[in-house]
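For reference, the structure is listed below as structure tokens.
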Amino acid sequence: MSARVIDGKAVAEGLRATLAARVQALPFRPGLRVVRVGEDPASGVYVRNKDRAAAAAGFDSATIHLPAETSQDALLAQVAALNADPAVDGILVQLPLPPQIDAQSVIAAIDPAKDVDGFHPINAGRLANGQPGLVPCTPKGVMYLLRDAGVTLAGARALVLGRSTIVGKPMAQLLLAADCTVTIAHSRTRDLPAECRRAEILVAAVGRPEMVRGDWIAPGAAVIDVGINRLADGRLVGDVAFAEAAAVAGCITPVPGGVGPMTIACLLENTLDAALARRA
Ligand code: GUN
């Protein structure tokens, strides 16, 4: 292996410690409410991890778990109650939602000032316009990792693999704001390996286990793997074939222990930012 492995767990621990110290110094506890609907097992793990990390950093955190058959109106009423609650600074509705619920309508119902996921159209628009706002946690975490690893951003050719509203699109916006030359590639992109090989920074966020092979990577590239895929044998792997890629890349994030811990740390940062802005 030649690549330096980026320790997302350590960077996230540092950020969480800084946030905990800032929370401790406040005369109030920033409030986070995570709403989970139904029994998606992966969501159960994510929600528990978010709740635990928030509580450990001194936030007033609680999970609201609603049954799988919850109606859209009932979920909207829950969101309205959290919008109106002065003790609540951050609201996160865990995705995916059951099929009877339109996720876009629910996200649009969240007070943009409490939208710690950064998914509300107002916050997405602010990001696109280069205005301050709440930024989606995973892409924000990726930017921290790139900066921590000392990767030069200005002028760099960055390729974002994936065009989701949760990761791909906001990731591209953040890289562009950092003066990268950004390409967004996706399932319909022609000659994906060739596009990837041009990238000095490659962010993979497609949810396909080990799709990005070692010979897709430019020598010395920074490779950030957002994928978390559970294989049939129980192993957790990213979107990048790690061993192959690590033989070529300059630096690379592992799965687990790369981007995942940063997502949670950035959620806490967004909640603290939302609290300070709301209560100013
Ligand atoms: N599901 C997978 N990732 C996320 C995320 O970042 N936020 C929410 N709300 N749901 C998710």
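Ordered as shown in the structure tokens, chains take letters A, B, and onward, while each chain numbers its residues from 1 and ligands are numbered from 1 in the order shown.
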Next item on the list: Could the residues that lie within 10 Å of ligand 1, counting only C-alpha atoms and all ligand atoms, be listed as number ranges by chain?
Entry: A: 34-36, 42-43, 46-47, 91-97, 103, 107, 115-119, 136-139, 166-167, 260, 263-264, 266-267
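Residues with any atom within 10 Å of A:Pro121, counting only C-alpha atoms and excluding same-chain neighbours fewer than 2 positions away, are Gln104, Ile107, Ala108, Pro112, Gly118, Phe119, Asn123, Ala124, Gly125, Arg126 and Leu127 of chain A.
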Please produce an output containing C-alpha atoms for each residue in the selection, written as a PDB file, in the first residue's frame.
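What landed in selection.pdb:
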ATOM      1  CA  GLN A 104     -39.778  16.203  -0.209  1.00  0.00           C
ATOM      2  CA  ILE A 107     -38.291  18.187   4.315  1.00  0.00           C
ATOM      3  CA  ALA A 108     -39.946  21.358   2.992  1.00  0.00           C
ATOM      4  CA  PRO A 112     -35.056  26.077   7.520  1.00  0.00           C
ATOM      5  CA  GLY A 118     -29.350  21.066   5.143  1.00  0.00           C
ATOM      6  CA  PHE A 119     -31.875  19.393   2.823  1.00  0.00           C
ATOM      7  CA  ASN A 123     -30.692  25.798   2.436  1.00  0.00           C
ATOM      8  CA  ALA A 124     -29.944  23.997  -0.850  1.00  0.00           C
ATOM      9  CA  GLY A 125     -30.539  27.311  -2.624  1.00  0.00           C
ATOM     10  CA  ARG A 126     -28.291  29.184  -0.228  1.00  0.00           C
ATOM     11  CA  LEU A 127     -25.506  26.668  -0.879  1.00  0.00           C
TER      12      LEU A 127
END
Next item on the list: Name the residues of stretch 65-259 of chain A that come out as strand (DSSP E) in a backbone DSSP run; write them as a PyMOL selection string.
Entry: chain A and resi 65-66+90-93+157-161+181-185+201-204+222-225+229-230+236-237+251-252
Mind dumping a table of every stretch 134-196 of chain A residue within 12 Å of stretch 230-254 of chain A, with the nearest atom pair and its distance in Å to one decimal, using only C-alpha atoms, sorted by chain and rising number, as CSV?
residue,atom,partner,partner_atom,distance
A:Gly141,CA,A:Thr253,CA,11.9
A:Val142,CA,A:Thr253,CA,9.7
A:Leu145,CA,A:Thr253,CA,8.7
A:Leu146,CA,A:Cys251,CA,9.4
A:Asp148,CA,A:Cys251,CA,11.4
A:Ala149,CA,A:Cys251,CA,7.8
A:Gly150,CA,A:Cys251,CA,10.0
A:Val151,CA,A:Cys251,CA,8.9
A:Leu161,CA,A:Asp239,CA,9.7
A:Gly162,CA,A:Asp239,CA,10.6
A:Cys196,CA,A:Val240,CA,11.6
Item checked: Residues near A:Leu202, cut-off 9 Å, only C-alpha atoms, skip fewer than 5 positions along chain, as a PyMOL selection string -> chain A and resi 157-161+196-197+217+221-225
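With distances restricted to only C-alpha atoms, A:Pro30 is the closest residue to A:Thr271 from A:Gly155, A:Pro30, A:Gly227, A:Gly257.
Between A:Asp273 and the residues A:Val259, A:Ala218, A:Val135, A:Ala12, the shortest atom-to-atom distance, using only C-alpha atoms, involves A:Val135.
Among the candidates A:Leu153, A:Ala194, A:Leu276, A:Ala205, the residue lying nearest to A:Met171 is A:Ala205 (atoms considered: only C-alpha atoms).
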Next item on the list: Output as a count of residues only all residues of stretch 31-231 of chain A that backbone DSSP marks as helix (DSSP H, G or I).
Entry: 79
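For the atom pair formed by atom CA of A:Ala3 and atom CA of A:Thr183, the distance is 23.2 Å, given to one decimal.
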Next item on the list: Using only C-alpha atoms, pick whichever of A:Arg190, A:Arg198, A:Lys50, A:Arg16 has the shortest atom-to-atom distance to A:Ala156.
Entry: A:Arg198
